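Participant: Mind looking over this structure? Questions follow.
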Amino acid sequence: MADDPLVLAEGLTKRFGEFEAVAGIDIEVRRGEAFGFLGPNGAGKSSTMRMVACVSPRSGGTLSVLGMDPDTDGPKIRARLGVVPQQDNLDNELTVRQNLQVYGRYFGLSRKHVRDKATELLEFAQLSDRADDEVDPLSGGMKRRLTIARSLVNDPELLLLDEPTTGLDPQARHLLWDRLFRLKQQGVTLIVTTHYMDEAEQLCDRLVVMDKGKIAAEGSPAQLIDRYSTKEVLELRFPPGQQDPAPVQDLGERVEVLPDRILVYTTDGEASLAAAHTRGVTPVSSLVRRSTLEDVFLRLTGRTLVD
Amino acid sequence: MSVGLVWRVVPPGLYARRARTVVERSFLVNRRAWMTIFSGFFESFFYLFAMGVGFGRLVGEVIGPGGQPMSYAAYVAPALLAASAMNGAVYDATFNLFFKLKYAKVYDGMLATPLGPFDVAIGEISWALIRGAVYATGFLTVISVLGLVSSPWTILALPVVLLVSLAFAAVGMACTTFMRSWQDFDLVQLALLPMFLFSATFYPLSVYPDGLQWVVRLSPLYHAVELMRGLTAGVIEWAMLGHLSYFVVMAVVGLIVAGRRLGKLLLS
Amino acid sequence: MPGPTAPHPWQARFLVVESMWIWYRRNWRATVVSTVLNPVFFLVAMGFGLGSQIQPGAATGGYGYAVYLMPAMLAAGAVQNAAGESTFPILSGFKWSRVYWGMTATPITPAQVATGQLLWILFRLVFSGIVFVIVGAALGVVTGAGIILSLVFAVLAGMAFAAPLVAFAATIEGEGTAFNPVFRFIVLPMTLLAGTFFPVTELPALVRPIAWITPLWHGTELARAAAFWNLEFWPVAGHMAYLLALTGIGAALAVRNFRRRLGV
């Protein structure tokens with residue numbers, strides 16, 4: 001029983017009229033793992049999340065969440081989920097603390113329980129000193145932490161986070177990741193969507209790369225990089241429109257031409273750079289780095305993640 | 001009663017029987033805005049004052065529901081109660097609901113919990129009714145003290161005015177689910193003000209020519225005004241059952257449409 | 001096309017008006033109900049409906065009730081429209097649409113934005129007033145050409161209410177809930193009690209002074225005097241002086257408050 005997947009989908013589909021937002025995907029999320037959906041905006045990640053959160057009926061395929069069917073057991077499933085939507089939908093007419101308490105009451109928790117739980121969650125979200133303030137003046141990072149705290153009010157087994165750090169500054173993002181690590185250590189299963197490769201690498205044990213409603217690849221971040229990219233990447237920057245891949249075509253396993261630079265996928269970046277120099281290639285600047293999920297995505301879809 | 005009925009017609013999964021927590025939220029929110037609620041009383045009283053003092057002298061006596069002459073203030077007071085029930089319920093169910101639905105996204109947060117759209121609809125309407133009950137009690141007390149009611153039947157005006165509020169709130173909510181932008185709210189204004197002014201609120205139905213009288217009889221506010229006027233004057237007639245059933249139908253149809261449409265909007 | 005120099009003050013004010021007009025042209029439908037239809041509904045319901053229960057008498061100057069109501073409703077409509085135009089649209093200019101900030105990023109000064117805005121409200125009041133007069137004439141409750149002068153007085157009363165209200169609105173920071181008491185405790189009782197529907201003398205003696213300070217009462221007195229052509233010099237001069245003073249003081253405060261909020 002404990003090994004049953006928390007989320008199991010086969011041929012899961014979501015259509016809005018003619019448009020197919022999710023085009024038949026298979027996923028399996030196991031207890032205790034952090035599972036990610038990586039893809040650009042419009043890839044179908046949020047639609048998938050809303051179906052898993054039982055707030056959007058599926059158009060086709062099968063879906064089971066916590067062993068139940070969202071179509072018939074939506075309220076029962078939602079009682080055991082935590083949801084952090086892409087855009088904070090905190091209740092601006094309530095204070096920070098009331099947001100937690102009232103939300104707990106929606107789950108049918110007792111007043112006493114939500115009072116204690118709110119205090120504990122304020123601590124967790126580092127918002128204890130703002131407890132009785134209005135929500136609106138809080139910073140973006142604080143609102144995000146409050147939304148996450150709110151999603152934990154029912155001690156969920158499964159936490160769904162849709163783009164948890166989009167729009168936050170680097171410091172706020174790291175603080176948030178830290179909180180999510182703690183939850184993972186406590187055994188909460190996380191499902192995260194993101195279009196940031198660093199976030200996917202930081203948070204996810206396993207992820208699927210989504211593009212145009214389909215799954216392009218699946219694995220751990222290291223596996224994906226290993227499978228779809230080379231160890232190193234040589235980036236050569238040129239003035240716009242002046243990059244010519246011909247002289248460097250055979251310096252690596254693969255070459256990608258972007259609007260402002262050429263990427264050479266190779267096992268030894270420095271060696272490839274030296275070879276390029278000897279062939280008289282003179283980029284404005286050059287950089288040797290390790291492969292990332294961004295490169296995996298580029299390989300799989302021919303496009304970059306963040307445009 | 002209504003809860004049991006709704007439970008039977010609503011598809012499973014759309015109602016978690018926890019509408020009470022939605023009311024709790026409204027209570028918390030409004031605890032800090034009590035001044036706004038309190039000041040709502042004044043609107044009706046300004047009208048009452050204007051009608052009683054100024055118009056009262058100009059108009060003199062009018063013919064009441066049982067054919068007996070009555071003072072203009074006593075004639076208009078129950079109609080004002082009906083009108084303020086309509087206005088309060090409709091504003092709550094349209095402007096406030098639309099804002100929470102489209103901008104504040106309050107309901108998206110609620111629906112991520114076990115609550116379903118019918119919990120939201122029933123909870124919001126219940127709050128509107130609680131507020132309506134407070135208004136109506138205050139208003140009835142004042143007009144009783146001023147001697148503008150002449151019958152103990154007046155006590156029944158309270159539950160009846162709540163049914164009227166429920167009906168208007170349910171239909172208003174159903175309409176709101178079809179609205180696309182603030183511009184559509186002109187239509188609400190366009191429906192409310194003529195209804196307020198022309199539903200035999202300020203003068204008897206007999207003022208209109210025959211054909212127009214039938215048009216006025218279509219207006220829900222006309223039926224509410226008739227009910228209130230009859231109860232406060234102590235003129236009880238079988239026709240009241242007809243007026244009441246008008247509102248029962250409005251309430252049931254409104255609630256079912258509102259709940260289902262909310263479900264479609266929020267759970268897409 | 002002149003070069004990019006600072007515009008003449010009047011040119012600047014009309015630029016503000018023009019930008020309001022451009023917005024209005026796309027969104028006029030939303031305001032037709034409240035600015036044009038509302039007063040007409042009141043005129044028909046109260047003037048004809050309730051009026052059928054009222055015998056012409058000393059209180060109505062011997063006129064039928066609808067005729068008696070027409071010029072006063074013109075003034076009441078102007079004041080109500082002034083209230084609508086001087087509250088949320090002003091807050092929006094600062095806060096939601098932020099058009100004022102866009103204007104002051106050009107050579108237009110905050111003071112010109114304020115006076116341009118008032119000018120726009122003036123145009124709106126004149127326009128709705130003309131429509132109302134035409135409707136009234138069609139309904140047969142206009143007694144003569146004096147109604148043109150009534151319209152001028154009605155607009156004056158509207159501006160006497162609009163200018164101070166714009167000054168107040170320019171200080172509002174929140175979501176506009178501060179306007180609710182204005183509508184509830186000033187606009188509504190003023191409309192009902194300040195002489196539009198029945199003479200102020202019908203009010204208890206204690207309440208009458210409150211009616212006397214409202215711009216609507218002065219506007220109503222003037223509008224009726226003009227419509228029924230019984231203008232007397234001193235009362236007219238007194239009412240006009242009061243309304244002009246309110247307009248002037250309000251405009252000065254509005255300019256000050258716009259400067260404070262938009263100035264760097």
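Each chain in the structure tokens gets a letter, A, B, ..., in the order shown, and its residues are numbered from 1; ligands are numbered from 1 in order too.
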Go through stretch 41-166 of chain C and collect every residue that DSSP, computed from the backbone, puts in alpha helix (DSSP H); the answer should be as a ChimeraX atom specification.

Facilitator: /C:41-42,65-85,88-94,99-104,110-138,146-166

Participant: If the cut-off is 8 Å, can you tell me the residues of chain B near chain C, counting only C-alpha atoms? I'd like them as a list of chain:residue names.

Facilitator: B:Ser39, B:Gly40, B:Phe42, B:Glu43, B:Phe46, B:Tyr47, B:Ala50, B:Val53, B:Gly54, B:Phe55, B:Arg57, B:Leu58, B:Val59, B:Gln183, B:Asp184, B:Asp186, B:Gln189, B:Leu190, B:Leu193, B:Pro194, B:Leu197, B:Phe198, B:Phe202, B:Tyr203, B:Val207, B:Tyr208

Participant: Restrict the selected residues to N, CA and C atoms and save them as a PDB file, in the first residue's frame.

Facilitator:
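Writing the result to selection.pdb gives the following:
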```pdb
ATOM      1  N   SER B  39     -24.100  51.899   8.634  1.00  0.00           N
ATOM      2  CA  SER B  39     -24.518  53.090   7.904  1.00  0.00           C
ATOM      3  C   SER B  39     -25.538  52.739   6.824  1.00  0.00           C
ATOM      4  N   GLY B  40     -25.589  51.456   6.451  1.00  0.00           N
ATOM      5  CA  GLY B  40     -26.581  51.032   5.466  1.00  0.00           C
ATOM      6  C   GLY B  40     -28.006  51.298   5.927  1.00  0.00           C
ATOM      7  N   PHE B  42     -29.119  53.884   7.217  1.00  0.00           N
ATOM      8  CA  PHE B  42     -29.538  55.257   7.000  1.00  0.00           C
ATOM      9  C   PHE B  42     -30.214  55.482   5.666  1.00  0.00           C
ATOM     10  N   GLU B  43     -29.775  54.683   4.673  1.00  0.00           N
ATOM     11  CA  GLU B  43     -30.325  54.873   3.351  1.00  0.00           C
ATOM     12  C   GLU B  43     -31.857  54.778   3.398  1.00  0.00           C
ATOM     13  N   PHE B  46     -33.424  57.742   5.350  1.00  0.00           N
ATOM     14  CA  PHE B  46     -33.517  59.009   4.627  1.00  0.00           C
ATOM     15  C   PHE B  46     -34.744  59.007   3.724  1.00  0.00           C
ATOM     16  N   TYR B  47     -34.938  57.881   3.046  1.00  0.00           N
ATOM     17  CA  TYR B  47     -36.137  57.771   2.203  1.00  0.00           C
ATOM     18  C   TYR B  47     -37.391  57.905   3.040  1.00  0.00           C
ATOM     19  N   ALA B  50     -37.928  61.444   4.076  1.00  0.00           N
ATOM     20  CA  ALA B  50     -38.379  62.274   2.961  1.00  0.00           C
ATOM     21  C   ALA B  50     -39.837  61.987   2.645  1.00  0.00           C
ATOM     22  N   VAL B  53     -42.160  63.057   5.811  1.00  0.00           N
ATOM     23  CA  VAL B  53     -42.227  64.484   6.106  1.00  0.00           C
ATOM     24  C   VAL B  53     -42.666  65.299   4.900  1.00  0.00           C
ATOM     25  N   GLY B  54     -41.902  65.178   3.812  1.00  0.00           N
ATOM     26  CA  GLY B  54     -42.161  66.058   2.686  1.00  0.00           C
ATOM     27  C   GLY B  54     -43.334  65.603   1.848  1.00  0.00           C
ATOM     28  N   PHE B  55     -43.201  64.426   1.262  1.00  0.00           N
ATOM     29  CA  PHE B  55     -44.249  63.914   0.396  1.00  0.00           C
ATOM     30  C   PHE B  55     -45.542  63.720   1.178  1.00  0.00           C
ATOM     31  N   ARG B  57     -46.959  65.404   3.339  1.00  0.00           N
ATOM     32  CA  ARG B  57     -47.779  66.616   3.358  1.00  0.00           C
ATOM     33  C   ARG B  57     -48.376  66.888   1.970  1.00  0.00           C
ATOM     34  N   LEU B  58     -47.587  66.612   0.931  1.00  0.00           N
ATOM     35  CA  LEU B  58     -48.065  66.873  -0.436  1.00  0.00           C
ATOM     36  C   LEU B  58     -49.149  65.893  -0.843  1.00  0.00           C
ATOM     37  N   VAL B  59     -48.935  64.622  -0.481  1.00  0.00           N
ATOM     38  CA  VAL B  59     -49.835  63.580  -0.952  1.00  0.00           C
ATOM     39  C   VAL B  59     -51.078  63.478  -0.074  1.00  0.00           C
ATOM     40  N   GLN B 183     -18.486  46.624 -17.177  1.00  0.00           N
ATOM     41  CA  GLN B 183     -19.440  47.317 -18.037  1.00  0.00           C
ATOM     42  C   GLN B 183     -20.813  46.676 -17.975  1.00  0.00           C
ATOM     43  N   ASP B 184     -20.837  45.344 -17.770  1.00  0.00           N
ATOM     44  CA  ASP B 184     -22.123  44.655 -17.736  1.00  0.00           C
ATOM     45  C   ASP B 184     -22.962  45.052 -16.527  1.00  0.00           C
ATOM     46  N   ASP B 186     -23.926  47.911 -15.728  1.00  0.00           N
ATOM     47  CA  ASP B 186     -24.955  48.892 -16.085  1.00  0.00           C
ATOM     48  C   ASP B 186     -26.287  48.198 -16.160  1.00  0.00           C
ATOM     49  N   GLN B 189     -27.878  47.970 -12.905  1.00  0.00           N
ATOM     50  CA  GLN B 189     -28.466  49.273 -12.567  1.00  0.00           C
ATOM     51  C   GLN B 189     -29.737  49.503 -13.351  1.00  0.00           C
ATOM     52  N   LEU B 190     -29.662  49.118 -14.618  1.00  0.00           N
ATOM     53  CA  LEU B 190     -30.776  49.344 -15.516  1.00  0.00           C
ATOM     54  C   LEU B 190     -31.983  48.513 -15.094  1.00  0.00           C
ATOM     55  N   LEU B 193     -33.042  50.162 -10.794  1.00  0.00           N
ATOM     56  CA  LEU B 193     -33.658  51.463 -10.537  1.00  0.00           C
ATOM     57  C   LEU B 193     -35.096  51.544 -11.042  1.00  0.00           C
ATOM     58  N   PRO B 194     -35.359  51.145 -12.291  1.00  0.00           N
ATOM     59  CA  PRO B 194     -36.768  51.175 -12.720  1.00  0.00           C
ATOM     60  C   PRO B 194     -37.642  50.283 -11.845  1.00  0.00           C
ATOM     61  N   LEU B 197     -38.408  52.149  -8.733  1.00  0.00           N
ATOM     62  CA  LEU B 197     -39.286  53.315  -8.896  1.00  0.00           C
ATOM     63  C   LEU B 197     -40.680  52.962  -9.390  1.00  0.00           C
ATOM     64  N   PHE B 198     -40.786  51.881 -10.189  1.00  0.00           N
ATOM     65  CA  PHE B 198     -42.053  51.661 -10.883  1.00  0.00           C
ATOM     66  C   PHE B 198     -42.880  50.486 -10.364  1.00  0.00           C
ATOM     67  N   PHE B 202     -44.113  53.589  -4.668  1.00  0.00           N
ATOM     68  CA  PHE B 202     -44.421  54.923  -4.148  1.00  0.00           C
ATOM     69  C   PHE B 202     -45.864  55.362  -4.408  1.00  0.00           C
ATOM     70  N   TYR B 203     -46.570  54.603  -5.227  1.00  0.00           N
ATOM     71  CA  TYR B 203     -47.950  54.969  -5.537  1.00  0.00           C
ATOM     72  C   TYR B 203     -48.681  53.702  -5.975  1.00  0.00           C
ATOM     73  N   VAL B 207     -52.531  53.616 -10.718  1.00  0.00           N
ATOM     74  CA  VAL B 207     -52.073  54.793 -11.450  1.00  0.00           C
ATOM     75  C   VAL B 207     -51.814  54.430 -12.907  1.00  0.00           C
ATOM     76  N   TYR B 208     -51.388  53.183 -13.146  1.00  0.00           N
ATOM     77  CA  TYR B 208     -51.024  52.775 -14.504  1.00  0.00           C
ATOM     78  C   TYR B 208     -52.268  52.400 -15.308  1.00  0.00           C
TER      79      TYR B 208
END
```

Participant: One decimal, in Å: what's the spacing between atom CA of A:Phe297 and atom CA of A:Leu236?

Facilitator: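 Computing it gives 19.1 Å between the two atoms.
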
Participant: Restrict the distance test to only C-alpha atoms, flag each residue of chain B within 8 Å of chain A, and return the flagged residues as a ChimeraX atom specification.

Facilitator: /B:12-13,16,18,21-22,24-25,28-29,104-106,108-116,266-268

Participant: Could you list, as a PDB file with N, CA, C and O atoms, in the first residue's frame, every residue within 10 Å of B:Thr201, counting only C-alpha atoms and ignoring same-chain residues fewer than 2 positions away?

Facilitator:
```
ATOM      1  N   TYR B  75     -47.901  53.917   4.138  1.00  0.00           N
ATOM      2  CA  TYR B  75     -48.066  53.254   2.847  1.00  0.00           C
ATOM      3  C   TYR B  75     -46.699  52.911   2.240  1.00  0.00           C
ATOM      4  O   TYR B  75     -46.490  51.834   1.677  1.00  0.00           O
ATOM      5  N   VAL B  76     -45.758  53.838   2.365  1.00  0.00           N
ATOM      6  CA  VAL B  76     -44.464  53.676   1.693  1.00  0.00           C
ATOM      7  C   VAL B  76     -43.485  52.850   2.530  1.00  0.00           C
ATOM      8  O   VAL B  76     -42.659  52.119   1.983  1.00  0.00           O
ATOM      9  N   ALA B  77     -43.568  52.925   3.864  1.00  0.00           N
ATOM     10  CA  ALA B  77     -42.568  52.270   4.716  1.00  0.00           C
ATOM     11  C   ALA B  77     -42.366  50.794   4.377  1.00  0.00           C
ATOM     12  O   ALA B  77     -41.221  50.363   4.157  1.00  0.00           O
ATOM     13  N   PRO B  78     -43.434  49.966   4.309  1.00  0.00           N
ATOM     14  CA  PRO B  78     -43.191  48.558   3.997  1.00  0.00           C
ATOM     15  C   PRO B  78     -42.590  48.365   2.615  1.00  0.00           C
ATOM     16  O   PRO B  78     -41.779  47.450   2.412  1.00  0.00           O
ATOM     17  N   ALA B  79     -42.953  49.231   1.671  1.00  0.00           N
ATOM     18  CA  ALA B  79     -42.379  49.118   0.328  1.00  0.00           C
ATOM     19  C   ALA B  79     -40.883  49.403   0.359  1.00  0.00           C
ATOM     20  O   ALA B  79     -40.098  48.779  -0.355  1.00  0.00           O
ATOM     21  N   LEU B  80     -40.499  50.358   1.210  1.00  0.00           N
ATOM     22  CA  LEU B  80     -39.074  50.668   1.329  1.00  0.00           C
ATOM     23  C   LEU B  80     -38.311  49.482   1.902  1.00  0.00           C
ATOM     24  O   LEU B  80     -37.176  49.210   1.511  1.00  0.00           O
ATOM     25  N   ALA B  82     -39.068  46.321   1.454  1.00  0.00           N
ATOM     26  CA  ALA B  82     -38.930  45.368   0.353  1.00  0.00           C
ATOM     27  C   ALA B  82     -37.838  45.816  -0.605  1.00  0.00           C
ATOM     28  O   ALA B  82     -36.996  45.023  -1.031  1.00  0.00           O
ATOM     29  N   ALA B  83     -37.833  47.124  -0.916  1.00  0.00           N
ATOM     30  CA  ALA B  83     -36.844  47.636  -1.865  1.00  0.00           C
ATOM     31  C   ALA B  83     -35.439  47.528  -1.312  1.00  0.00           C
ATOM     32  O   ALA B  83     -34.494  47.175  -2.031  1.00  0.00           O
ATOM     33  N   MET B 195     -37.104  49.115 -11.444  1.00  0.00           N
ATOM     34  CA  MET B 195     -37.900  48.253 -10.577  1.00  0.00           C
ATOM     35  C   MET B 195     -38.236  48.963  -9.277  1.00  0.00           C
ATOM     36  O   MET B 195     -39.370  48.927  -8.799  1.00  0.00           O
ATOM     37  N   PHE B 196     -37.224  49.606  -8.714  1.00  0.00           N
ATOM     38  CA  PHE B 196     -37.405  50.340  -7.471  1.00  0.00           C
ATOM     39  C   PHE B 196     -38.466  51.424  -7.626  1.00  0.00           C
ATOM     40  O   PHE B 196     -39.352  51.594  -6.791  1.00  0.00           O
ATOM     41  N   LEU B 197     -38.408  52.149  -8.733  1.00  0.00           N
ATOM     42  CA  LEU B 197     -39.286  53.315  -8.896  1.00  0.00           C
ATOM     43  C   LEU B 197     -40.680  52.962  -9.390  1.00  0.00           C
ATOM     44  O   LEU B 197     -41.647  53.640  -9.048  1.00  0.00           O
ATOM     45  N   PHE B 198     -40.786  51.881 -10.189  1.00  0.00           N
ATOM     46  CA  PHE B 198     -42.053  51.661 -10.883  1.00  0.00           C
ATOM     47  C   PHE B 198     -42.880  50.486 -10.364  1.00  0.00           C
ATOM     48  O   PHE B 198     -43.933  50.197 -10.904  1.00  0.00           O
ATOM     49  N   SER B 199     -42.391  49.773  -9.329  1.00  0.00           N
ATOM     50  CA  SER B 199     -43.118  48.578  -8.878  1.00  0.00           C
ATOM     51  C   SER B 199     -44.195  48.917  -7.849  1.00  0.00           C
ATOM     52  O   SER B 199     -44.320  48.216  -6.847  1.00  0.00           O
ATOM     53  N   TYR B 203     -46.570  54.603  -5.227  1.00  0.00           N
ATOM     54  CA  TYR B 203     -47.950  54.969  -5.537  1.00  0.00           C
ATOM     55  C   TYR B 203     -48.681  53.702  -5.975  1.00  0.00           C
ATOM     56  O   TYR B 203     -48.060  52.733  -6.379  1.00  0.00           O
ATOM     57  N   PRO B 204     -50.006  53.704  -5.902  1.00  0.00           N
ATOM     58  CA  PRO B 204     -50.743  52.470  -6.173  1.00  0.00           C
ATOM     59  C   PRO B 204     -50.655  52.024  -7.623  1.00  0.00           C
ATOM     60  O   PRO B 204     -50.437  52.840  -8.531  1.00  0.00           O
ATOM     61  N   LEU B 205     -50.847  50.727  -7.811  1.00  0.00           N
ATOM     62  CA  LEU B 205     -50.811  50.135  -9.141  1.00  0.00           C
ATOM     63  C   LEU B 205     -51.846  50.774 -10.064  1.00  0.00           C
ATOM     64  O   LEU B 205     -51.651  50.872 -11.270  1.00  0.00           O
ATOM     65  N   LEU B 221     -40.253  42.867  -7.491  1.00  0.00           N
ATOM     66  CA  LEU B 221     -40.382  43.801  -6.378  1.00  0.00           C
ATOM     67  C   LEU B 221     -41.850  44.139  -6.107  1.00  0.00           C
ATOM     68  O   LEU B 221     -42.249  44.355  -4.963  1.00  0.00           O
ATOM     69  N   TYR B 222     -42.653  44.155  -7.174  1.00  0.00           N
ATOM     70  CA  TYR B 222     -44.077  44.425  -6.976  1.00  0.00           C
ATOM     71  C   TYR B 222     -44.673  43.414  -5.993  1.00  0.00           C
ATOM     72  O   TYR B 222     -45.413  43.777  -5.072  1.00  0.00           O
ATOM     73  N   ALA B 224     -43.106  41.648  -3.747  1.00  0.00           N
ATOM     74  CA  ALA B 224     -42.550  41.863  -2.407  1.00  0.00           C
ATOM     75  C   ALA B 224     -43.263  43.024  -1.719  1.00  0.00           C
ATOM     76  O   ALA B 224     -43.606  42.959  -0.537  1.00  0.00           O
ATOM     77  N   VAL B 225     -43.498  44.090  -2.484  1.00  0.00           N
ATOM     78  CA  VAL B 225     -44.167  45.265  -1.926  1.00  0.00           C
ATOM     79  C   VAL B 225     -45.579  44.902  -1.465  1.00  0.00           C
ATOM     80  O   VAL B 225     -46.017  45.272  -0.367  1.00  0.00           O
ATOM     81  N   GLU B 226     -46.300  44.143  -2.301  1.00  0.00           N
ATOM     82  CA  GLU B 226     -47.654  43.722  -1.934  1.00  0.00           C
ATOM     83  C   GLU B 226     -47.648  42.931  -0.633  1.00  0.00           C
ATOM     84  O   GLU B 226     -48.483  43.143   0.257  1.00  0.00           O
ATOM     85  N   ARG B 229     -46.767  45.260   2.374  1.00  0.00           N
ATOM     86  CA  ARG B 229     -47.840  46.201   2.644  1.00  0.00           C
ATOM     87  C   ARG B 229     -49.018  45.485   3.309  1.00  0.00           C
ATOM     88  O   ARG B 229     -49.594  45.969   4.281  1.00  0.00           O
TER      89      ARG B 229
ATOM     90  N   ALA C  45     -41.133  58.508 -12.707  1.00  0.00           N
ATOM     91  CA  ALA C  45     -41.759  57.819 -11.577  1.00  0.00           C
ATOM     92  C   ALA C  45     -42.341  58.818 -10.586  1.00  0.00           C
ATOM     93  O   ALA C  45     -43.503  58.725 -10.185  1.00  0.00           O
ATOM     94  N   LEU C  50     -46.030  59.321  -8.929  1.00  0.00           N
ATOM     95  CA  LEU C  50     -46.413  59.857  -7.633  1.00  0.00           C
ATOM     96  C   LEU C  50     -47.174  61.173  -7.811  1.00  0.00           C
ATOM     97  O   LEU C  50     -48.092  61.482  -7.051  1.00  0.00           O
TER      98      LEU C  50
END
```

Participant: Take atom CA of A:Lys45 and atom CA of A:Lys212 and report the distance between them in Å, one decimal.

Facilitator: 9.6 Å

Participant: Give me, as a list in words, all polymer residues having an atom no more than 9 Å from B:Phe139, counting only C-alpha atoms and skipping those fewer than 5 positions away in the same chain.

Facilitator: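 Residues near the query, excluding close chain neighbours: Phe41, Ser44, Phe45, Leu81, Val134 and Ser144 of chain B.
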
Participant: Let's have the selection written as a PDB file, in the first residue's frame, with all heavy atoms.

Facilitator:
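out.pdb, freshly written:
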```pdb
ATOM      1  N   PHE B  41     -28.210  51.291   7.248  1.00  0.00           N
ATOM      2  CA  PHE B  41     -29.522  51.598   7.800  1.00  0.00           C
ATOM      3  C   PHE B  41     -30.044  52.938   7.312  1.00  0.00           C
ATOM      4  O   PHE B  41     -31.216  53.121   7.045  1.00  0.00           O
ATOM      5  CB  PHE B  41     -29.440  51.689   9.329  1.00  0.00           C
ATOM      6  CG  PHE B  41     -29.610  50.362  10.002  1.00  0.00           C
ATOM      7  CD1 PHE B  41     -28.569  49.775  10.694  1.00  0.00           C
ATOM      8  CD2 PHE B  41     -30.844  49.710   9.960  1.00  0.00           C
ATOM      9  CE1 PHE B  41     -28.735  48.554  11.328  1.00  0.00           C
ATOM     10  CE2 PHE B  41     -31.013  48.496  10.591  1.00  0.00           C
ATOM     11  CZ  PHE B  41     -29.949  47.913  11.280  1.00  0.00           C
ATOM     12  N   SER B  44     -32.342  53.699   4.029  1.00  0.00           N
ATOM     13  CA  SER B  44     -33.799  53.535   4.106  1.00  0.00           C
ATOM     14  C   SER B  44     -34.427  54.644   4.927  1.00  0.00           C
ATOM     15  O   SER B  44     -35.531  55.110   4.625  1.00  0.00           O
ATOM     16  CB  SER B  44     -34.148  52.193   4.738  1.00  0.00           C
ATOM     17  OG  SER B  44     -33.407  51.175   4.148  1.00  0.00           O
ATOM     18  N   PHE B  45     -33.738  55.056   5.977  1.00  0.00           N
ATOM     19  CA  PHE B  45     -34.336  56.064   6.857  1.00  0.00           C
ATOM     20  C   PHE B  45     -34.425  57.425   6.201  1.00  0.00           C
ATOM     21  O   PHE B  45     -35.366  58.169   6.430  1.00  0.00           O
ATOM     22  CB  PHE B  45     -33.583  56.138   8.186  1.00  0.00           C
ATOM     23  CG  PHE B  45     -33.783  54.898   9.002  1.00  0.00           C
ATOM     24  CD1 PHE B  45     -32.743  54.318   9.682  1.00  0.00           C
ATOM     25  CD2 PHE B  45     -35.039  54.291   9.065  1.00  0.00           C
ATOM     26  CE1 PHE B  45     -32.936  53.161  10.414  1.00  0.00           C
ATOM     27  CE2 PHE B  45     -35.242  53.137   9.795  1.00  0.00           C
ATOM     28  CZ  PHE B  45     -34.186  52.566  10.473  1.00  0.00           C
ATOM     29  N   LEU B  81     -38.935  48.757   2.821  1.00  0.00           N
ATOM     30  CA  LEU B  81     -38.286  47.568   3.379  1.00  0.00           C
ATOM     31  C   LEU B  81     -38.054  46.546   2.269  1.00  0.00           C
ATOM     32  O   LEU B  81     -36.953  45.992   2.134  1.00  0.00           O
ATOM     33  CB  LEU B  81     -39.157  46.975   4.495  1.00  0.00           C
ATOM     34  CG  LEU B  81     -38.635  45.670   5.100  1.00  0.00           C
ATOM     35  CD1 LEU B  81     -37.246  45.864   5.684  1.00  0.00           C
ATOM     36  CD2 LEU B  81     -39.586  45.156   6.177  1.00  0.00           C
ATOM     37  N   VAL B 134     -30.660  41.444   9.945  1.00  0.00           N
ATOM     38  CA  VAL B 134     -30.328  42.518  10.889  1.00  0.00           C
ATOM     39  C   VAL B 134     -30.960  43.835  10.439  1.00  0.00           C
ATOM     40  O   VAL B 134     -31.608  44.537  11.220  1.00  0.00           O
ATOM     41  CB  VAL B 134     -28.790  42.672  11.021  1.00  0.00           C
ATOM     42  CG1 VAL B 134     -28.441  43.876  11.884  1.00  0.00           C
ATOM     43  CG2 VAL B 134     -28.187  41.401  11.599  1.00  0.00           C
ATOM     44  N   SER B 144     -42.324  50.359  13.614  1.00  0.00           N
ATOM     45  CA  SER B 144     -43.319  50.029  14.631  1.00  0.00           C
ATOM     46  C   SER B 144     -43.377  51.125  15.683  1.00  0.00           C
ATOM     47  O   SER B 144     -44.455  51.569  16.088  1.00  0.00           O
ATOM     48  CB  SER B 144     -42.986  48.696  15.304  1.00  0.00           C
ATOM     49  OG  SER B 144     -42.860  47.691  14.339  1.00  0.00           O
TER      50      SER B 144
END
```

Participant: For A:Ala216, please output as a count of residues only all residues within 8 Å (counting only C-alpha atoms; exclusion window: fewer than 3 positions along the same chain).

Facilitator: 6

Participant: Enumerate, as a PyMOL selection string, the complete set of residues in stretch 40-143 of chain B that a backbone-based DSSP assignment places in strand (DSSP E or B).

Facilitator: chain B and resi 61-63+69-71

Participant: Quick one, how far is atom CA of A:Gly61 from atom CA of A:Ala9?

Facilitator: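 According to the coordinates, atom CA of A:Gly61 and atom CA of A:Ala9 are separated by 7.4 Å.
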
Participant: Which residues come within 6 Å of A:Ala21, counting only C-alpha atoms, excluding same-chain residues fewer than 2 positions away, as a short mmCIF file (atom, residue, chain, number, x, y, z; two decimals) with N, CA and C atoms, in the first residue's frame?

Facilitator:
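Saved to around.cif:
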```cif
data_model
loop_
_atom_site.label_atom_id
_atom_site.label_comp_id
_atom_site.auth_asym_id
_atom_site.auth_seq_id
_atom_site.Cartn_x
_atom_site.Cartn_y
_atom_site.Cartn_z
N LYS A 14 -6.14 17.20 -21.51
CA LYS A 14 -7.00 18.34 -21.20
C LYS A 14 -7.18 19.17 -22.46
N ARG A 15 -8.44 19.34 -22.84
CA ARG A 15 -8.73 20.16 -24.01
C ARG A 15 -9.56 21.36 -23.59
N GLY A 44 1.68 23.20 -20.70
CA GLY A 44 0.63 22.32 -20.16
C GLY A 44 0.87 21.92 -18.73
N GLY A 213 2.29 20.27 -24.44
CA GLY A 213 1.31 19.31 -23.93
C GLY A 213 1.79 17.88 -23.87
#
```
